[in-house]
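Listing of upload-v9.pdb, PDB, C-alpha atoms, pLDDT in the B column
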```pdb
MODEL        1
ATOM      1  CA  MET A   1      -0.309  -5.303  16.386  1.00 92.00           C
ATOM      2  CA  LEU A   2      -0.325  -2.237  14.153  1.00 94.00           C
ATOM      3  CA  VAL A   3       1.466  -2.347  10.804  1.00 96.00           C
ATOM      4  CA  LEU A   4       2.495   1.142   9.738  1.00 93.00           C
ATOM      5  CA  ASP A   5       3.132   2.367   6.222  1.00 93.00           C
ATOM      6  CA  SER A   6       5.129   5.449   5.282  1.00 89.00           C
ATOM      7  CA  SER A   7       2.081   7.734   5.023  1.00 87.00           C
ATOM      8  CA  ALA A   8       1.055   6.838   8.576  1.00 87.00           C
ATOM      9  CA  LEU A   9       4.509   7.540   9.945  1.00 84.00           C
ATOM     10  CA  PHE A  10       4.732  10.842   8.065  1.00 83.00           C
ATOM     11  CA  SER A  11       1.342  11.865   9.541  1.00 81.00           C
ATOM     12  CA  MET A  12       2.039  10.961  13.182  1.00 80.00           C
ATOM     13  CA  GLU A  13       3.922  13.014  15.739  1.00 75.00           C
ATOM     14  CA  GLN A  14       4.186  10.057  18.109  1.00 74.00           C
ATOM     15  CA  LEU A  15       3.795   6.309  17.824  1.00 77.00           C
ATOM     16  CA  PRO A  16       0.510   4.760  18.953  1.00 80.00           C
ATOM     17  CA  GLU A  17       0.286   3.080  22.354  1.00 81.00           C
ATOM     18  CA  GLU A  18      -0.185  -0.329  20.710  1.00 84.00           C
ATOM     19  CA  GLU A  19       2.749  -2.474  19.597  1.00 88.00           C
ATOM     20  CA  SER A  20       3.809  -1.346  16.111  1.00 90.00           C
ATOM     21  CA  CYS A  21       5.845  -2.762  13.273  1.00 93.00           C
ATOM     22  CA  CYS A  22       6.699  -1.993   9.659  1.00 94.00           C
ATOM     23  CA  PRO A  23       8.626  -3.581   6.798  1.00 96.00           C
ATOM     24  CA  PRO A  24      12.229  -2.446   6.110  1.00 94.00           C
ATOM     25  CA  GLY A  25      11.117  -0.524   3.001  1.00 94.00           C
ATOM     26  CA  VAL A  26       9.149   1.906   5.157  1.00 91.00           C
ATOM     27  CA  ILE A  27      12.273   2.684   7.187  1.00 89.00           C
ATOM     28  CA  ARG A  28      14.215   3.224   3.949  1.00 90.00           C
ATOM     29  CA  GLU A  29      11.544   5.711   2.767  1.00 88.00           C
ATOM     30  CA  LEU A  30      11.725   7.669   6.030  1.00 84.00           C
ATOM     31  CA  THR A  31      15.515   7.649   5.882  1.00 85.00           C
ATOM     32  CA  LYS A  32      15.437   8.822   2.259  1.00 88.00           C
ATOM     33  CA  TYR A  33      13.398  11.882   3.256  1.00 83.00           C
ATOM     34  CA  LYS A  34      15.522  12.450   6.388  1.00 81.00           C
ATOM     35  CA  ASP A  35      12.494  12.257   8.686  1.00 76.00           C
ATOM     36  CA  HIS A  36      13.639  13.279  12.188  1.00 75.00           C
ATOM     37  CA  ARG A  37      11.024  11.173  13.978  1.00 75.00           C
ATOM     38  CA  LEU A  38      12.851   7.993  13.056  1.00 74.00           C
ATOM     39  CA  ASP A  39      15.648   8.970  15.459  1.00 74.00           C
ATOM     40  CA  LEU A  40      13.129   9.514  18.273  1.00 72.00           C
ATOM     41  CA  TRP A  41      11.253   6.246  17.787  1.00 74.00           C
ATOM     42  CA  GLY A  42      14.343   4.062  17.580  1.00 68.00           C
ATOM     43  CA  ASP A  43      13.601   0.674  19.150  1.00 71.00           C
ATOM     44  CA  LEU A  44       9.907   1.391  19.705  1.00 77.00           C
ATOM     45  CA  LEU A  45       9.123   0.439  16.099  1.00 83.00           C
ATOM     46  CA  ARG A  46       9.755  -3.209  15.267  1.00 90.00           C
ATOM     47  CA  VAL A  47      11.052  -3.786  11.727  1.00 92.00           C
ATOM     48  CA  SER A  48      10.173  -7.113  10.152  1.00 93.00           C
ATOM     49  CA  ASP A  49      10.154  -8.733   6.722  1.00 95.00           C
ATOM     50  CA  CYS A  50       7.071 -10.427   5.334  1.00 93.00           C
ATOM     51  CA  ALA A  51       6.721 -14.020   4.156  1.00 92.00           C
ATOM     52  CA  GLY A  52       6.792 -14.832   0.452  1.00 93.00           C
ATOM     53  CA  GLU A  53       3.446 -16.642   0.654  1.00 96.00           C
ATOM     54  CA  SER A  54       1.804 -13.527   2.086  1.00 97.00           C
ATOM     55  CA  MET A  55       3.322 -11.415  -0.680  1.00 97.00           C
ATOM     56  CA  ASP A  56       1.834 -13.828  -3.249  1.00 97.00           C
ATOM     57  CA  LYS A  57      -1.630 -13.407  -1.680  1.00 97.00           C
ATOM     58  CA  VAL A  58      -1.334  -9.611  -1.810  1.00 97.00           C
ATOM     59  CA  THR A  59      -0.159  -9.712  -5.431  1.00 96.00           C
ATOM     60  CA  GLU A  60      -3.099 -11.895  -6.436  1.00 95.00           C
ATOM     61  CA  ALA A  61      -5.658  -9.681  -4.672  1.00 94.00           C
ATOM     62  CA  ALA A  62      -4.121  -6.516  -6.161  1.00 92.00           C
ATOM     63  CA  LYS A  63      -4.231  -8.051  -9.661  1.00 89.00           C
ATOM     64  CA  LYS A  64      -7.925  -8.888  -9.298  1.00 86.00           C
ATOM     65  CA  SER A  65      -8.836  -5.400  -8.095  1.00 86.00           C
ATOM     66  CA  GLY A  66      -6.581  -3.600 -10.582  1.00 85.00           C
ATOM     67  CA  ASP A  67      -4.567  -2.045  -7.751  1.00 88.00           C
ATOM     68  CA  LEU A  68      -1.322  -3.801  -8.702  1.00 88.00           C
ATOM     69  CA  GLY A  69      -0.287  -0.858 -10.871  1.00 84.00           C
ATOM     70  CA  ARG A  70      -1.184   1.584  -8.092  1.00 87.00           C
ATOM     71  CA  LEU A  71       0.751  -0.089  -5.236  1.00 92.00           C
ATOM     72  CA  SER A  72       4.490   0.287  -4.742  1.00 94.00           C
ATOM     73  CA  PRO A  73       6.560  -2.748  -3.720  1.00 95.00           C
ATOM     74  CA  VAL A  74       6.788  -1.247  -0.204  1.00 96.00           C
ATOM     75  CA  ASP A  75       2.979  -0.868  -0.065  1.00 96.00           C
ATOM     76  CA  MET A  76       2.626  -4.545  -0.893  1.00 97.00           C
ATOM     77  CA  THR A  77       5.040  -5.565   1.881  1.00 97.00           C
ATOM     78  CA  VAL A  78       2.966  -3.555   4.381  1.00 97.00           C
ATOM     79  CA  LEU A  79      -0.110  -5.609   3.464  1.00 97.00           C
ATOM     80  CA  ALA A  80       1.830  -8.890   3.480  1.00 98.00           C
ATOM     81  CA  LEU A  81       3.306  -8.117   6.907  1.00 98.00           C
ATOM     82  CA  ALA A  82      -0.198  -7.414   8.226  1.00 97.00           C
ATOM     83  CA  ILE A  83      -1.190 -10.928   7.118  1.00 97.00           C
ATOM     84  CA  ASP A  84       1.868 -12.426   8.823  1.00 97.00           C
ATOM     85  CA  VAL A  85       1.330 -10.709  12.189  1.00 97.00           C
ATOM     86  CA  ASN A  86      -2.477 -10.715  12.001  1.00 97.00           C
ATOM     87  CA  GLY A  87      -2.278  -6.941  12.355  1.00 96.00           C
ATOM     88  CA  THR A  88      -4.184  -3.779  11.540  1.00 96.00           C
ATOM     89  CA  VAL A  89      -2.741  -1.555   8.827  1.00 95.00           C
ATOM     90  CA  LEU A  90      -2.399   2.160   9.582  1.00 94.00           C
ATOM     91  CA  THR A  91      -2.278   4.108   6.312  1.00 93.00           C
ATOM     92  CA  ASP A  92      -3.657   7.080   4.432  1.00 91.00           C
ATOM     93  CA  ASP A  93      -2.944   5.370   1.098  1.00 90.00           C
ATOM     94  CA  TYR A  94      -6.272   4.623  -0.615  1.00 88.00           C
ATOM     95  CA  SER A  95      -4.908   1.740  -2.697  1.00 90.00           C
ATOM     96  CA  ILE A  96      -3.532   0.013   0.401  1.00 94.00           C
ATOM     97  CA  GLN A  97      -6.899   0.541   2.115  1.00 94.00           C
ATOM     98  CA  ASN A  98      -8.717  -0.819  -0.936  1.00 90.00           C
ATOM     99  CA  VAL A  99      -6.702  -4.053  -1.103  1.00 94.00           C
ATOM    100  CA  ALA A 100      -6.788  -4.442   2.692  1.00 96.00           C
ATOM    101  CA  ARG A 101     -10.563  -4.255   2.666  1.00 93.00           C
ATOM    102  CA  ILE A 102     -10.797  -6.761  -0.207  1.00 92.00           C
ATOM    103  CA  MET A 103      -8.528  -9.170   1.675  1.00 96.00           C
ATOM    104  CA  GLY A 104     -10.279  -8.706   5.018  1.00 95.00           C
ATOM    105  CA  ILE A 105      -7.217  -7.102   6.627  1.00 97.00           C
ATOM    106  CA  PRO A 106      -8.241  -4.571   9.304  1.00 96.00           C
ATOM    107  CA  CYS A 107      -7.224  -1.071   8.284  1.00 94.00           C
ATOM    108  CA  ARG A 108      -7.413   2.434   9.782  1.00 91.00           C
ATOM    109  CA  ALA A 109      -6.678   5.823   8.273  1.00 90.00           C
ATOM    110  CA  VAL A 110      -4.460   8.264  10.186  1.00 88.00           C
ATOM    111  CA  GLY A 111      -4.828  11.795   8.811  1.00 75.00           C
ATOM    112  CA  GLN A 112      -7.533  11.218   6.180  1.00 73.00           C
ATOM    113  CA  SER A 113     -11.089   9.943   6.350  1.00 72.00           C
ATOM    114  CA  GLY A 114     -10.266   6.659   4.570  1.00 71.00           C
ATOM    115  CA  ILE A 115     -12.041   4.951   1.703  1.00 72.00           C
ATOM    116  CA  LYS A 116     -15.820   4.758   1.640  1.00 75.00           C
ATOM    117  CA  LYS A 117     -16.131   1.719  -0.641  1.00 77.00           C
ATOM    118  CA  VAL A 118     -13.988  -0.820  -2.464  1.00 75.00           C
ATOM    119  CA  GLU A 119     -12.993   0.230  -5.975  1.00 73.00           C
ATOM    120  CA  LYS A 120     -11.827  -1.896  -8.881  1.00 79.00           C
ATOM    121  CA  TRP A 121      -9.575  -0.431 -11.562  1.00 78.00           C
ATOM    122  CA  ASN A 122      -8.925  -0.757 -15.280  1.00 79.00           C
ATOM    123  CA  TYR A 123      -6.339   1.146 -17.296  1.00 84.00           C
ATOM    124  CA  GLN A 124      -6.816   3.153 -20.462  1.00 87.00           C
ATOM    125  CA  CYS A 125      -4.199   4.261 -22.946  1.00 92.00           C
ATOM    126  CA  ILE A 126      -4.214   8.064 -23.176  1.00 91.00           C
ATOM    127  CA  GLY A 127      -3.294   7.848 -26.882  1.00 93.00           C
ATOM    128  CA  CYS A 128      -5.397   5.212 -28.658  1.00 94.00           C
ATOM    129  CA  ARG A 129      -7.838   4.846 -25.702  1.00 90.00           C
ATOM    130  CA  LYS A 130      -7.640   1.019 -25.643  1.00 91.00           C
ATOM    131  CA  TRP A 131      -8.591  -0.554 -22.291  1.00 87.00           C
ATOM    132  CA  TYR A 132      -6.471  -2.986 -20.243  1.00 85.00           C
ATOM    133  CA  LYS A 133      -7.123  -4.874 -17.005  1.00 81.00           C
ATOM    134  CA  GLU A 134      -3.551  -4.358 -15.751  1.00 80.00           C
ATOM    135  CA  LYS A 135      -1.297  -1.325 -15.838  1.00 80.00           C
ATOM    136  CA  LEU A 136       1.422  -1.645 -18.463  1.00 84.00           C
ATOM    137  CA  PRO A 137       4.541   0.540 -18.694  1.00 87.00           C
ATOM    138  CA  GLU A 138       3.204   1.783 -22.039  1.00 91.00           C
ATOM    139  CA  CYS A 139       0.474   0.884 -24.516  1.00 92.00           C
ATOM    140  CA  PRO A 140       1.603  -2.043 -26.696  1.00 93.00           C
ATOM    141  CA  ILE A 141      -0.329  -0.539 -29.633  1.00 91.00           C
ATOM    142  CA  CYS A 142       0.752   3.108 -29.688  1.00 93.00           C
ATOM    143  CA  GLY A 143       3.378   3.461 -26.922  1.00 92.00           C
ATOM    144  CA  SER A 144       1.450   6.074 -24.907  1.00 92.00           C
ATOM    145  CA  SER A 145       1.154   6.033 -21.124  1.00 91.00           C
ATOM    146  CA  MET A 146      -1.790   4.568 -19.213  1.00 89.00           C
ATOM    147  CA  ARG A 147      -4.219   6.118 -16.742  1.00 86.00           C
ATOM    148  CA  ALA A 148      -6.209   4.378 -14.033  1.00 82.00           C
ATOM    149  CA  CYS A 149     -10.002   4.460 -14.288  1.00 82.00           C
ATOM    150  CA  ARG A 150     -12.584   3.027 -11.905  1.00 78.00           C
ATOM    151  CA  ARG A 151     -14.388  -0.030 -13.253  1.00 70.00           C
ATOM    152  CA  LYS A 152     -18.089   0.450 -13.753  1.00 67.00           C
TER     153      LYS A 152
ENDMDL
END
```
Here is the file; what I need is its structure written in the form of structure tokens.
Amino acid sequence: MLVLDSSALFSMEQLPEEESCCPPGVIRELTKYKDHRLDLWGDLLRVSDCAGESMDKVTEAAKKSGDLGRLSPVDMTVLALAIDVNGTVLTDDYSIQNVARIMGIPCRAVGQSGIKKVEKWNYQCIGCRKWYKEKLPECPICGSSMRACRRK
């Protein structure tokens, strides 16, 4: 079973031969951008929610790697659904690929080459330059925004 994220669907002109599914958030993203392919694929793409326990596993793995601030809620449901259906994720999103690899979820890129190695992330305030393990909406010290930086 293939689990498709939005980037995969935006990159493909036709669905793969294998059985495919995606979470409802992916359909909402395609609808938001008025992607015409959604009308063509219709019933060929199974839409399914993920289990809460799977979402908890994804959240924990993303926290440990520092990807939590880089993944959207829809990205996280793609990974959780892949756990539920024991599927392979199709995505060009590097953060999804990173967490998938950490969690042992099979993953394939569609239009890109894919990640070469697993990365871990920290976040630095662009104002006072203080470091944080998780992305915050703003620096609690100076109020500036944060930027992601690879851990060394």
- List as a ChimeraX atom specification: which residues have an atom within 12 Å of (13.5, -0.8, 15.2), counting all atoms listed in the file? /A:19-24,26-28,38-48
- Query: From the list A:Ser113, A:Ser72, A:Thr59, A:Asn86, which residue is nearest A:Val3 when using all atoms listed in the file?
  - Reply: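 Answer, going by the shortest atom-to-atom distance: A:Asn86.
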- Calculate how many Å separate atom CA of A:Lys32 from atom CA of A:Ser95, rounding to one decimal.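 Atom CA of A:Lys32 sits 22.1 Å away from atom CA of A:Ser95.
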- Task: Counting only C-alpha atoms, figure out which residue out of A:Asp93, A:Asp35, A:Glu138, A:Glu13 gets nearest to A:Asp67.
- Result: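 Smallest separation from A:Asp67 among the options: A:Asp93.
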- Message: With all atoms listed in the file as the counted atoms, please give the residues lying no more than 7 Å from stretch 117-124 of chain A, apart from itself and same-chain residues fewer than 4 positions off, as a list in words.
- Response: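 Surrounding residues, per the criterion: Ser65, Gly66, Asp67, Asn98, Arg129, Lys130, Trp131, Tyr132, Lys133, Glu134, Lys135, Met146, Arg147, Ala148, Cys149, Arg150 and Arg151 of chain A.
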- Task: Kindly resolve the PyMOL selection byres ((chain A and resi 52) around 12) on the present coordinates and return the residues as a PyMOL selection string.
- Result: chain A and resi 49-51+53-59+76-77+79-81+83-84
- Pick out the residues sitting within 7 Å of A:Val99, and hand them over as a PyMOL selection string; count only C-alpha atoms, and ignore anything fewer than 3 positions along from it in its own chain. chain A and resi 61-62+95-96+102-103
- Message: So, with all atoms listed in the file as the atoms that count, which of A:Cys125, A:Val85, A:Gln97, A:Gly69 lies closest to A:Gln112?
- Response: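 Among the listed residues, A:Gln97 lies closest to A:Gln112.
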- Hey, can you check how far atom CA of A:Leu15 sits from atom CA of A:Lys116?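 Those two atoms sit 25.5 Å apart.
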- Which is closer to A:Tyr33 than all the others in A:Ile105, A:Met1, A:Leu9, A:Gly143, using all atoms listed in the file?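 Smallest distance to A:Tyr33 is found for A:Leu9.
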- Point-to-point distance from atom CA of A:Met12 to atom CA of A:Val78, Å rounded to tenths: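 Between these atoms lies a distance of 17.0 Å.
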